[in-house]
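Trainee: Below is coords-v7.tsv; it holds TSV, C-alpha atoms and all ligand atoms.
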chain	number	residue	atom	x	y	z
A	548	MET	CA	57.15	-47.24	-98.76
A	549	ASP	CA	60.11	-49.57	-98.78
A	550	THR	CA	60.95	-51.73	-95.81
A	551	GLN	CA	64.19	-49.92	-95.08
A	552	ALA	CA	63.82	-47.53	-92.15
A	553	ALA	CA	63.59	-43.92	-93.33
A	554	PRO	CA	66.62	-41.83	-92.31
A	555	PHE	CA	64.19	-39.29	-90.84
A	556	GLN	CA	60.97	-39.32	-88.84
A	557	ILE	CA	57.83	-37.38	-89.65
A	558	VAL	CA	55.81	-36.37	-86.61
A	559	PRO	CA	53.28	-33.66	-85.74
A	560	ALA	CA	54.88	-30.40	-84.62
A	561	ARG	CA	54.91	-29.61	-80.89
A	562	PRO	CA	54.87	-26.12	-79.36
A	563	ALA	CA	58.53	-26.62	-78.44
A	564	ASP	CA	59.41	-26.82	-82.16
A	565	ARG	CA	58.59	-23.14	-82.74
A	566	GLU	CA	62.21	-21.96	-82.82
A	567	ALA	CA	63.33	-24.65	-85.26
A	568	LEU	CA	60.29	-24.00	-87.46
A	569	ALA	CA	60.95	-20.25	-87.41
A	570	ALA	CA	64.57	-20.81	-88.43
A	571	LEU	CA	63.43	-23.05	-91.31
A	572	LEU	CA	60.95	-20.41	-92.47
A	573	VAL	CA	63.58	-17.64	-92.37
A	574	GLU	CA	66.03	-19.84	-94.29
A	575	THR	CA	63.41	-20.75	-96.89
A	576	VAL	CA	62.47	-17.11	-97.48
A	577	ALA	CA	66.16	-16.13	-97.72
A	578	GLY	CA	66.49	-18.78	-100.43
A	579	ASN	CA	63.68	-17.09	-102.42
A	580	GLY	CA	61.19	-19.82	-101.52
A	581	SER	CA	57.60	-18.70	-102.10
A	582	VAL	CA	55.89	-19.27	-98.77
A	583	GLY	CA	54.06	-15.98	-98.37
A	584	PHE	CA	56.80	-13.81	-96.89
A	585	MET	CA	59.32	-11.27	-98.17
A	586	HIS	CA	63.06	-11.36	-97.46
A	587	PRO	CA	64.47	-10.51	-94.95
A	588	LEU	CA	62.00	-12.17	-92.62
A	589	ALA	CA	62.55	-11.08	-89.02
A	590	PRO	CA	62.82	-14.05	-86.60
A	591	ASP	CA	60.09	-12.50	-84.42
A	592	ARG	CA	57.67	-12.48	-87.31
A	593	ALA	CA	58.52	-16.08	-88.14
A	594	LEU	CA	57.94	-17.07	-84.51
A	595	ALA	CA	54.63	-15.21	-84.46
A	596	PHE	CA	53.54	-17.05	-87.59
A	597	TRP	CA	54.30	-20.45	-86.08
A	598	ASP	CA	52.75	-19.59	-82.72
A	599	GLU	CA	49.52	-18.90	-84.57
A	600	ALA	CA	49.88	-21.98	-86.79
A	601	LEU	CA	50.60	-24.25	-83.81
A	602	ALA	CA	47.64	-22.80	-81.93
A	603	ALA	CA	45.46	-23.56	-84.96
A	604	ALA	CA	46.89	-27.10	-84.96
A	605	ALA	CA	45.93	-27.46	-81.29
A	606	ARG	CA	42.37	-26.43	-82.21
A	607	GLY	CA	42.29	-29.02	-85.01
A	608	GLU	CA	42.24	-26.33	-87.70
A	609	ARG	CA	45.65	-27.16	-89.12
A	610	VAL	CA	48.04	-30.08	-89.33
A	611	VAL	CA	51.73	-29.20	-89.04
A	612	LEU	CA	54.19	-32.01	-89.65
A	613	CYS	CA	57.95	-31.95	-89.11
A	614	ALA	CA	60.67	-34.18	-90.54
A	615	TRP	CA	63.47	-34.76	-88.04
A	616	ALA	CA	66.80	-36.57	-88.11
A	617	ASP	CA	69.19	-36.55	-85.16
A	618	GLY	CA	67.51	-33.54	-83.59
A	619	GLN	CA	67.75	-31.54	-86.84
A	620	LEU	CA	64.59	-30.19	-88.46
A	621	LEU	CA	64.86	-31.24	-92.11
A	622	GLY	CA	61.52	-29.95	-93.27
A	623	SER	CA	57.93	-29.14	-92.51
A	624	GLY	CA	54.57	-29.08	-94.25
A	625	SER	CA	51.05	-27.97	-93.32
A	626	LEU	CA	47.56	-29.04	-94.19
A	627	VAL	CA	44.68	-26.64	-93.67
A	628	PRO	CA	41.21	-28.21	-93.76
A	629	VAL	CA	38.94	-25.65	-95.43
A	630	GLN	CA	36.43	-24.31	-92.89
A	631	ALA	CA	33.67	-23.41	-95.37
A	632	PRO	CA	30.62	-25.63	-94.71
A	633	SER	CA	30.34	-26.22	-98.45
A	634	GLN	CA	33.81	-27.76	-98.62
A	635	PRO	CA	33.99	-30.36	-95.87
A	636	HIS	CA	36.00	-32.57	-98.22
A	637	ARG	CA	38.80	-30.11	-99.17
A	638	ALA	CA	42.08	-29.18	-97.58
A	639	GLU	CA	44.95	-26.95	-98.69
A	640	LEU	CA	48.57	-28.03	-98.71
A	641	THR	CA	50.77	-25.15	-97.66
A	642	LYS	CA	54.19	-24.19	-96.28
A	643	VAL	CA	55.91	-27.34	-97.52
A	644	MET	CA	59.58	-26.55	-96.91
A	645	VAL	CA	62.74	-28.60	-96.92
A	646	ALA	CA	66.00	-27.26	-95.47
A	647	PRO	CA	68.57	-26.70	-98.25
A	648	ALA	CA	70.98	-29.17	-96.62
A	649	ALA	CA	68.33	-31.91	-96.66
A	650	ARG	CA	67.16	-31.54	-100.28
A	651	GLY	CA	67.25	-34.51	-102.62
A	652	ALA	CA	66.70	-37.02	-99.82
A	653	GLY	CA	62.98	-37.51	-100.36
A	654	VAL	CA	61.97	-35.39	-97.37
A	655	GLY	CA	59.51	-33.25	-99.34
A	656	ALA	CA	57.80	-36.25	-100.94
A	657	ALA	CA	57.55	-38.02	-97.58
A	658	LEU	CA	56.05	-34.90	-95.99
A	659	VAL	CA	53.43	-34.58	-98.73
A	660	LYS	CA	52.53	-38.27	-98.43
A	661	ALA	CA	52.19	-37.93	-94.66
A	662	LEU	CA	50.00	-34.84	-95.14
A	663	GLU	CA	47.82	-36.80	-97.58
A	664	GLN	CA	47.42	-39.54	-94.97
A	665	ALA	CA	46.46	-36.91	-92.42
A	666	ALA	CA	43.93	-35.51	-94.89
A	667	GLY	CA	42.47	-38.96	-95.34
A	668	ARG	CA	42.06	-39.36	-91.58
A	669	LEU	CA	40.22	-36.02	-91.50
A	670	GLY	CA	37.92	-37.11	-94.33
A	671	ARG	CA	39.43	-34.56	-96.71
A	672	ARG	CA	39.70	-36.15	-100.11
A	673	LEU	CA	40.40	-33.13	-102.32
A	674	LEU	CA	43.75	-31.42	-101.86
A	675	THR	CA	44.62	-28.09	-103.50
A	676	LEU	CA	47.77	-26.02	-103.53
A	677	ASP	CA	49.51	-23.30	-105.46
A	678	ALA	CA	53.07	-23.94	-106.49
A	679	SER	CA	55.50	-21.26	-107.55
A	680	LEU	CA	56.52	-21.64	-111.18
A	681	VAL	CA	59.97	-20.26	-110.64
A	682	GLU	CA	61.98	-22.96	-108.90
A	683	GLY	CA	60.11	-25.95	-110.24
A	684	PRO	CA	57.99	-27.06	-107.28
A	685	ALA	CA	55.18	-27.61	-109.80
A	686	ALA	CA	57.18	-30.48	-111.30
A	687	PHE	CA	57.67	-31.91	-107.81
A	688	TYR	CA	53.91	-32.02	-107.16
A	689	ARG	CA	53.22	-33.33	-110.64
A	690	GLY	CA	55.50	-36.28	-109.80
A	691	LEU	CA	53.34	-36.93	-106.75
A	692	GLY	CA	50.16	-37.20	-108.80
A	693	TYR	CA	48.89	-33.61	-108.56
A	694	HIS	CA	47.01	-32.21	-111.55
A	695	VAL	CA	47.47	-28.80	-113.10
A	696	ALA	CA	44.37	-26.62	-112.88
A	697	GLY	CA	46.10	-23.67	-114.51
A	698	ASP	CA	48.61	-20.88	-114.13
A	699	ILE	CA	48.00	-17.42	-112.70
A	700	PRO	CA	50.50	-14.78	-113.85
A	701	GLU	CA	51.84	-12.13	-111.48
A	702	TYR	CA	50.42	-14.04	-108.55
A	703	ALA	CA	52.82	-13.04	-105.81
A	704	TYR	CA	56.08	-11.24	-105.18
A	705	LYS	CA	59.08	-13.51	-104.83
A	706	PRO	CA	60.83	-13.10	-101.45
A	707	LEU	CA	63.80	-11.47	-103.19
A	708	GLY	CA	61.59	-9.30	-105.42
A	709	GLY	CA	59.80	-9.52	-108.76
A	710	LEU	CA	56.34	-10.87	-109.46
A	711	GLY	CA	56.13	-14.58	-110.08
A	712	ALA	CA	53.44	-16.80	-111.58
A	713	THR	CA	51.82	-19.62	-109.69
A	714	ARG	CA	50.44	-22.97	-110.79
A	715	VAL	CA	47.22	-24.04	-109.11
A	716	MET	CA	47.22	-27.80	-108.56
A	717	TRP	CA	44.89	-30.40	-107.12
A	718	LYS	CA	44.61	-34.07	-106.29
A	719	LEU	CA	41.63	-36.26	-105.52
A	720	LEU	CA	42.94	-38.79	-103.04
A	721	ASP	CA	40.47	-41.51	-103.97
A	722	ALA	CA	40.60	-41.00	-107.74
A	723	ARG	CA	41.23	-44.03	-109.88
A	724	SER	CA	44.65	-44.03	-111.44
A	725	ALA	CA	45.58	-45.20	-114.91
A	726	PRO	CA	46.21	-48.93	-115.07
A	727	ARG	CA	49.89	-49.73	-115.28
A	728	ARG	CA	50.43	-51.69	-118.43
A	729	ALA	CA	54.04	-52.59	-119.06
A	730	PRO	CA	54.77	-53.26	-122.71
A	731	ALA	CA	55.08	-56.98	-123.43
A	732	ASP	CA	58.15	-56.23	-125.54
A	733	PRO	CA	60.43	-53.91	-123.56
A	734	GLY	CA	62.33	-52.78	-126.68
A	735	ALA	CA	59.12	-51.86	-128.46
A	736	ASP	CA	58.87	-48.31	-127.12
A	737	ALA	CA	62.29	-47.29	-128.43
A	738	ARG	CA	61.63	-49.04	-131.74
A	739	TYR	CA	58.31	-47.32	-132.44
A	740	MET	CA	59.69	-44.00	-131.24
A	741	GLY	CA	62.51	-44.49	-133.75
A	742	LEU	CA	59.83	-44.74	-136.45
A	743	ALA	CA	58.18	-41.56	-135.20
A	744	LEU	CA	61.55	-39.80	-135.29
A	745	ASP	CA	62.00	-40.88	-138.91
A	746	LEU	CA	58.64	-39.28	-139.71
A	747	ALA	CA	59.68	-36.11	-137.88
A	748	ALA	CA	62.80	-35.97	-140.05
A	749	ARG	CA	60.67	-36.34	-143.19
A	750	ALA	CA	58.37	-33.52	-142.07
A	751	GLU	CA	61.35	-31.22	-141.85
A	752	GLN	CA	63.38	-32.37	-144.85
A	753	GLU	CA	60.61	-32.90	-147.40
A	754	PHE	CA	58.01	-30.37	-146.33
A	755	ASP	CA	59.82	-27.85	-144.14
A	756	GLU	CA	57.30	-28.48	-141.36
A	757	ILE	CA	58.02	-28.51	-137.63
A	758	PRO	CA	59.72	-31.90	-137.07
A	759	VAL	CA	57.16	-33.81	-135.03
A	760	GLY	CA	56.26	-37.39	-135.93
A	761	ALA	CA	53.68	-39.83	-134.59
A	762	VAL	CA	52.98	-43.53	-134.97
A	763	LEU	CA	49.84	-45.31	-133.79
A	764	VAL	CA	50.30	-48.98	-132.91
A	765	SER	CA	47.53	-51.53	-132.34
A	766	ALA	CA	47.39	-53.81	-129.31
A	767	ALA	CA	48.81	-56.53	-131.56
A	768	GLY	CA	51.84	-54.40	-132.34
A	769	GLN	CA	50.83	-53.38	-135.85
A	770	VAL	CA	51.43	-49.84	-137.12
A	771	ILE	CA	47.97	-48.58	-138.12
A	772	GLY	CA	48.63	-44.87	-138.44
A	773	GLU	CA	51.54	-42.57	-139.24
A	774	GLY	CA	51.65	-38.82	-139.17
A	775	TRP	CA	53.80	-35.75	-139.11
A	776	ASN	CA	53.00	-32.10	-138.82
A	777	ARG	CA	51.17	-30.86	-141.94
A	778	ASN	CA	49.84	-27.51	-140.74
A	779	ILE	CA	51.63	-25.38	-143.32
A	780	ARG	CA	51.32	-27.68	-146.31
A	781	ASP	CA	47.64	-28.52	-145.75
A	782	HIS	CA	46.59	-25.06	-144.49
A	783	ASP	CA	45.14	-27.02	-141.59
A	784	PRO	CA	45.46	-25.74	-138.03
A	785	SER	CA	44.50	-29.15	-136.65
A	786	ALA	CA	47.00	-31.19	-138.68
A	787	HIS	CA	49.35	-32.06	-135.87
A	788	ALA	CA	51.26	-35.34	-136.20
A	789	GLU	CA	49.05	-37.10	-133.62
A	790	ILE	CA	45.80	-36.05	-135.33
A	791	VAL	CA	47.11	-37.13	-138.73
A	792	ALA	CA	48.15	-40.55	-137.36
A	793	MET	CA	44.85	-41.09	-135.50
A	794	ARG	CA	42.82	-40.00	-138.54
A	795	GLN	CA	44.67	-42.51	-140.69
A	796	ALA	CA	44.14	-45.27	-138.12
A	797	GLY	CA	40.43	-44.46	-137.85
A	798	GLN	CA	40.13	-44.84	-141.62
A	799	ALA	CA	42.10	-48.11	-141.56
A	800	LEU	CA	39.97	-49.58	-138.76
A	801	GLY	CA	36.68	-48.10	-139.89
A	802	ASN	CA	36.18	-46.92	-136.33
A	803	HIS	CA	36.55	-43.58	-134.54
A	804	ARG	CA	37.49	-45.46	-131.35
A	805	LEU	CA	41.11	-46.59	-131.29
A	806	VAL	CA	40.72	-48.89	-128.30
A	807	GLY	CA	43.86	-50.59	-126.97
A	808	THR	CA	46.25	-48.60	-129.16
A	809	THR	CA	49.49	-46.88	-128.22
A	810	LEU	CA	50.40	-43.51	-129.69
A	811	TYR	CA	54.12	-42.77	-130.07
A	812	VAL	CA	54.90	-39.11	-130.66
A	813	THR	CA	58.22	-37.30	-130.59
A	814	LEU	CA	56.89	-34.25	-128.68
A	815	GLU	CA	54.51	-34.10	-125.73
A	816	PRO	CA	50.97	-33.66	-127.15
A	817	CYS	CA	49.24	-30.27	-126.96
A	818	SER	CA	45.74	-29.80	-125.47
A	819	MET	CA	44.00	-30.36	-128.80
A	820	CYS	CA	45.79	-33.64	-129.46
A	821	ALA	CA	45.53	-34.79	-125.85
A	822	MET	CA	41.78	-34.31	-125.91
A	823	ALA	CA	41.52	-36.16	-129.23
A	824	ILE	CA	43.55	-38.98	-127.65
A	825	VAL	CA	41.04	-39.17	-124.80
A	826	HIS	CA	38.07	-39.07	-127.22
A	827	ALA	CA	39.62	-41.84	-129.32
A	828	ARG	CA	40.16	-44.06	-126.24
A	829	VAL	CA	43.84	-44.50	-126.98
A	830	ALA	CA	45.22	-46.71	-124.18
A	831	ARG	CA	48.71	-45.34	-123.91
A	832	VAL	CA	50.76	-42.34	-125.02
A	833	VAL	CA	54.52	-42.50	-125.23
A	834	TYR	CA	56.20	-39.21	-126.03
A	835	GLY	CA	59.78	-38.09	-126.52
A	836	ALA	CA	60.58	-34.50	-125.57
A	837	ARG	CA	58.62	-32.56	-122.96
A	838	ASP	CA	56.96	-29.36	-124.14
A	839	PRO	CA	57.28	-26.78	-121.38
A	840	LYS	CA	55.22	-24.25	-123.40
A	841	THR	CA	52.10	-26.13	-124.48
A	842	GLY	CA	52.53	-29.75	-123.28
A	843	ALA	CA	49.20	-31.20	-122.14
A	844	CYS	CA	50.36	-34.50	-120.63
A	845	GLY	CA	51.37	-32.81	-117.38
A	846	SER	CA	53.94	-30.18	-118.32
A	847	VAL	CA	51.62	-27.17	-118.65
A	848	PHE	CA	48.14	-28.71	-118.82
A	849	ASP	CA	47.20	-32.16	-117.67
A	850	VAL	CA	44.50	-33.15	-120.11
A	851	THR	CA	45.38	-36.85	-120.33
A	852	GLY	CA	45.73	-37.25	-116.57
A	853	ASP	CA	42.57	-35.44	-115.52
A	854	PRO	CA	40.56	-37.93	-113.45
A	855	ARG	CA	37.31	-36.24	-114.52
A	856	HIS	CA	37.53	-38.13	-117.82
A	857	ASN	CA	35.88	-41.54	-117.91
A	858	HIS	CA	38.73	-42.87	-120.02
A	859	ARG	CA	42.18	-43.38	-118.50
A	860	VAL	CA	45.22	-42.83	-120.67
A	861	GLN	CA	48.53	-44.14	-119.48
A	862	VAL	CA	51.32	-41.66	-120.24
A	863	GLN	CA	55.04	-42.15	-120.46
A	864	GLY	CA	57.42	-39.37	-121.43
A	865	GLY	CA	61.11	-39.10	-122.18
A	866	VAL	CA	61.50	-42.03	-124.60
A	867	LEU	CA	64.34	-40.94	-126.93
A	868	GLY	CA	63.43	-37.49	-125.69
A	869	GLU	CA	66.89	-35.98	-126.08
A	870	GLU	CA	67.03	-36.90	-129.75
A	871	ALA	CA	63.53	-35.55	-130.40
A	872	GLY	CA	64.25	-32.35	-128.47
A	873	ALA	CA	67.59	-31.77	-130.21
A	874	ARG	CA	65.94	-32.02	-133.64
A	875	LEU	CA	63.31	-29.43	-132.68
A	876	THR	CA	65.92	-27.11	-131.22
A	877	ARG	CA	68.04	-27.35	-134.42
A	878	TYR	CA	64.97	-26.67	-136.55
A	879	PHE	CA	63.90	-23.55	-134.69
A	880	ARG	CA	67.47	-22.28	-134.47
A	881	ALA	CA	67.89	-22.64	-138.22
A	882	LYS	CA	64.54	-20.89	-138.79
A	883	ARG	CA	65.56	-17.95	-136.67
A	884	GLY	CA	68.87	-17.76	-138.56
A	885	LYS	CA	67.05	-17.24	-141.87
A	886	PRO	CA	65.82	-13.82	-142.96
A	887	SER	CA	62.07	-13.65	-142.47
A	888	SER	CA	60.05	-13.95	-145.67
B	1	ZN	ZN	48.91	-31.17	-130.98
Starting from the coordinates I provided, produce the structure as structure tokens.

Mentor:
Amino acid sequence: MDTQAAPFQIVPARPADREALAALLVETVAGNGSVGFMHPLAPDRALAFWDEALAAAARGERVVLCAWADGQLLGSGSLVPVQAPSQPHRAELTKVMVAPAARGAGVGAALVKALEQAAGRLGRRLLTLDASLVEGPAAFYRGLGYHVAGDIPEYAYKPLGGLGATRVMWKLLDARSAPRRAPADPGADARYMGLALDLAARAEQEFDEIPVGAVLVSAAGQVIGEGWNRNIRDHDPSAHAEIVAMRQAGQALGNHRLVGTTLYVTLEPCSMCAMAIVHARVARVVYGARDPKTGACGSVFDVTGDPRHNHRVQVQGGVLGEEAGARLTRYFRAKRGKPSS
């Protein structure tokens, strides 16, 4: 937290807050927020929900926090310690809501952090939640260090109708995090990504492959592996750019461990490549464009960030990402434009 006073206060909910909480719940549901209810939510039902939730809080079976500024309720979030005797260490994050007028001010992140602190005080070190995939709350939790367990299709009806998928997420509060290693040469990331983009261009122009390029760089800053997608040309389902670059580096080093290296790749690695990166002990992955369909560095799966691995991989996305993404988009658009062979 910075030293500047927050423009809002986060405090436990009191019974007197029931009306404000009910109004927030009704507003959230009306805005198609997935919090368990269908629109329109009658105020009486919202009040009944909070009366029960606040009673549970009084019994120590729930934590309800509110974010206030000048007497206005900006948001609320709940933590439910799991009652099963086999899970004395787990709690569920639920009903995290921010009033539309207060969005973008960090209220949601502050609520989640405060709920994590509350969990810590209760001895709950594993937090789980399910985030709707429709409005992007999954990305919000990902930014707060939550891992993707997986997606469940047709999980729940949206308040305004239609079945929506959910993303099950989790966070171990005491898990080690990847060491932050800033590059010694701040221009290096863009430079090596530029090389990877050149390789992506070659893949497309010379071999008509999907334009993805990868460069593996040693701790000393030497390029020890280069690759681009070769699936079609090599009849090889595993010949993604990252695999090709790591294979080349392994040959060059005479070692299957690529300790201390940084992998630059124009597109977020898939699960196969991410797992190979973990196996190879690559220190850092820098990728360009996110892959919302198969990305395994947090977008869809979180293979590199999973704290169950012994090896920590530091991940940074978005380096020259627009350029990398635009090339892929052009490629697929041109492919679709051609008659199928
Ligand atoms: Zn891959």

Trainee: Quick one, how far is atom CA of Gly690 of chain A from atom CA of Arg877 of chain A?

Mentor: 29.0 Å

Trainee: Please determine the residues with any atom at most 12 Å from (42.4, -37.2, -96.1) (coordinates as given in the file, with only C-alpha atoms counting) and report them as an mmCIF file with C-alpha atoms, in the coordinates of the input.

Mentor:
data_model
loop_
_atom_site.group_PDB
_atom_site.id
_atom_site.type_symbol
_atom_site.label_atom_id
_atom_site.label_comp_id
_atom_site.auth_asym_id
_atom_site.auth_seq_id
_atom_site.Cartn_x
_atom_site.Cartn_y
_atom_site.Cartn_z
ATOM 1 C CA VAL A 610 48.040 -30.080 -89.330
ATOM 2 C CA LEU A 626 47.560 -29.040 -94.190
ATOM 3 C CA VAL A 627 44.680 -26.640 -93.670
ATOM 4 C CA PRO A 628 41.210 -28.210 -93.760
ATOM 5 C CA PRO A 635 33.990 -30.360 -95.870
ATOM 6 C CA HIS A 636 36.000 -32.570 -98.220
ATOM 7 C CA ARG A 637 38.800 -30.110 -99.170
ATOM 8 C CA ALA A 638 42.080 -29.180 -97.580
ATOM 9 C CA GLU A 639 44.950 -26.950 -98.690
ATOM 10 C CA LEU A 640 48.570 -28.030 -98.710
ATOM 11 C CA VAL A 659 53.430 -34.580 -98.730
ATOM 12 C CA LYS A 660 52.530 -38.270 -98.430
ATOM 13 C CA ALA A 661 52.190 -37.930 -94.660
ATOM 14 C CA LEU A 662 50.000 -34.840 -95.140
ATOM 15 C CA GLU A 663 47.820 -36.800 -97.580
ATOM 16 C CA GLN A 664 47.420 -39.540 -94.970
ATOM 17 C CA ALA A 665 46.460 -36.910 -92.420
ATOM 18 C CA ALA A 666 43.930 -35.510 -94.890
ATOM 19 C CA GLY A 667 42.470 -38.960 -95.340
ATOM 20 C CA ARG A 668 42.060 -39.360 -91.580
ATOM 21 C CA LEU A 669 40.220 -36.020 -91.500
ATOM 22 C CA GLY A 670 37.920 -37.110 -94.330
ATOM 23 C CA ARG A 671 39.430 -34.560 -96.710
ATOM 24 C CA ARG A 672 39.700 -36.150 -100.110
ATOM 25 C CA LEU A 673 40.400 -33.130 -102.320
ATOM 26 C CA LEU A 674 43.750 -31.420 -101.860
ATOM 27 C CA THR A 675 44.620 -28.090 -103.500
ATOM 28 C CA LYS A 718 44.610 -34.070 -106.290
ATOM 29 C CA LEU A 719 41.630 -36.260 -105.520
ATOM 30 C CA LEU A 720 42.940 -38.790 -103.040
ATOM 31 C CA ASP A 721 40.470 -41.510 -103.970
#

Trainee: Within 7 Å of ligand ZN 1 (chain B), counting only C-alpha atoms and all ligand atoms: which residues, as a ChimeraX atom specification?

Mentor: /A:787,789,816-820

Trainee: Would you please work out which residue, of A:Gly683, A:Gly845, A:Gly801, A:Pro758, is nearest to Tyr878 of chain A when using all atoms listed in the file?

Mentor: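 Going through A:Gly683, A:Gly845, A:Gly801, A:Pro758 one by one, the smallest distance to Tyr878 of chain A is for A:Pro758.
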
Trainee: When you look at Ala648 of chain A with a cut-off of 12 Å (counting all atoms listed in the file), what residues show up, excluding the ones that are within fewer than 4 positions of it in the same chain? I need them as a PyMOL selection string.

Mentor: chain A and resi 571+574-575+578+619-622+644+652+654

Trainee: Calculated over all atoms listed in the file, which of the candidates A:Ala881, A:Ile771, A:Ala786, A:Val850 has the smallest distance to Asp755 of chain A?

Mentor: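 Comparing A:Ala881, A:Ile771, A:Ala786, A:Val850 against Asp755 of chain A, the winner is A:Ala881.
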
Trainee: When you look at segment 837-840 of chain A with a cut-off of 10 Å (counting all atoms listed in the file), what residues show up, excluding the ones that are within fewer than 5 positions of it in the same chain? I need them as a compact mmCIF listing (two decimals) with C-alpha atoms, in the frame of the given file.

Mentor:
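Wrote result-v4.txt, looks like this:
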# COMPACT_ATOMS: atom_id res chain seq x y z
CA THR A 813 58.22 -37.30 -130.59
CA LEU A 814 56.89 -34.25 -128.68
CA GLU A 815 54.51 -34.10 -125.73
CA PRO A 816 50.97 -33.66 -127.15
CA CYS A 817 49.24 -30.27 -126.96
CA GLY A 845 51.37 -32.81 -117.38
CA SER A 846 53.94 -30.18 -118.32
CA VAL A 847 51.62 -27.17 -118.65
CA PHE A 848 48.14 -28.71 -118.82
CA GLY A 864 57.42 -39.37 -121.43
CA GLY A 865 61.11 -39.10 -122.18
CA GLY A 868 63.43 -37.49 -125.69
CA GLU A 869 66.89 -35.98 -126.08
CA ALA A 871 63.53 -35.55 -130.40
CA GLY A 872 64.25 -32.35 -128.47

Trainee: Point out the residue among A:Pro854, A:Pro554, A:Pro559, A:Gly580 with the least atom-to-atom distance to Ala703 of chain A, counting all atoms listed in the file.

Mentor: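 For Ala703 of chain A, the nearest of the candidates is A:Gly580.
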
Trainee: So which one's closest to Arg880 of chain A, A:Asp677, A:Val866, A:Cys613, A:Ile757? Using all atoms listed in the file, please.

Mentor: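 Among the listed residues, A:Ile757 lies closest to Arg880 of chain A.
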
Trainee: Restricting the calculation to only C-alpha atoms, which member of A:Lys882, A:Arg804, A:Arg714, A:Arg874 is positioned closest to Arg749 of chain A?

Mentor: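 Distance minimum relative to Arg749 of chain A lands on A:Arg874.
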
Trainee: Which residues, written as a short mmCIF file (atom, residue, chain, number, x, y, z; two decimals) with C-alpha atoms, in the frame of the given file, have at least one atom at most 10 Å from Thr809 of chain A, with all atoms listed in the file counted and residues fewer than 4 positions away on the same chain left out?

Mentor:
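Dumped everything to around29.cif:
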data_model
loop_
_atom_site.label_atom_id
_atom_site.label_comp_id
_atom_site.auth_asym_id
_atom_site.auth_seq_id
_atom_site.Cartn_x
_atom_site.Cartn_y
_atom_site.Cartn_z
CA PRO A 730 54.77 -53.26 -122.71
CA ASP A 736 58.87 -48.31 -127.12
CA TYR A 739 58.31 -47.32 -132.44
CA VAL A 762 52.98 -43.53 -134.97
CA LEU A 763 49.84 -45.31 -133.79
CA VAL A 764 50.30 -48.98 -132.91
CA SER A 765 47.53 -51.53 -132.34
CA ALA A 766 47.39 -53.81 -129.31
CA GLY A 768 51.84 -54.40 -132.34
CA VAL A 770 51.43 -49.84 -137.12
CA LEU A 805 41.11 -46.59 -131.29
CA ILE A 824 43.55 -38.98 -127.65
CA ARG A 828 40.16 -44.06 -126.24
CA VAL A 829 43.84 -44.50 -126.98
CA ALA A 830 45.22 -46.71 -124.18
CA ARG A 831 48.71 -45.34 -123.91
CA VAL A 832 50.76 -42.34 -125.02
CA VAL A 833 54.52 -42.50 -125.23
CA VAL A 860 45.22 -42.83 -120.67
CA GLN A 861 48.53 -44.14 -119.48
CA VAL A 862 51.32 -41.66 -120.24
#

Trainee: As JSON, what would the box around segment 740-757 of chain A look like: edges along x, y and z, 4 Å added on every side, centre and edge lengths in Å to one decimal?

Mentor:
{"center_x": 60.3, "center_y": -36.3, "center_z": -139.3, "size_x": 14.1, "size_y": 24.9, "size_z": 24.2}

Trainee: Could you work out how far atom CA of Ala843 of chain A lies from atom CA of Thr808 of chain A, giving the answer in Å with one decimal?

Mentor: 19.0 Å

Trainee: How many Å lie between atom CA of Glu566 of chain A and atom CA of Gly624 of chain A, rounded to one decimal?

Mentor: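 The value is 15.5 Å.
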
Trainee: Which is closer to Pro562 of chain A than all the others in A:Met716, A:His803, A:Ser581, A:Leu594, using only C-alpha atoms?

Mentor: A:Leu594

Trainee: Any idea what's packed within 10 Å of Gly708 of chain A, counting all atoms listed in the file, ignoring anything in its chain fewer than 6 positions away? Could you give it as a compact mmCIF listing (two decimals) with C-alpha atoms, in the frame of the given file?

Mentor:
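Result file follows (selection-v5.txt):
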# COMPACT_ATOMS: atom_id res chain seq x y z
CA ASN A 579 63.68 -17.09 -102.42
CA MET A 585 59.32 -11.27 -98.17
CA HIS A 586 63.06 -11.36 -97.46
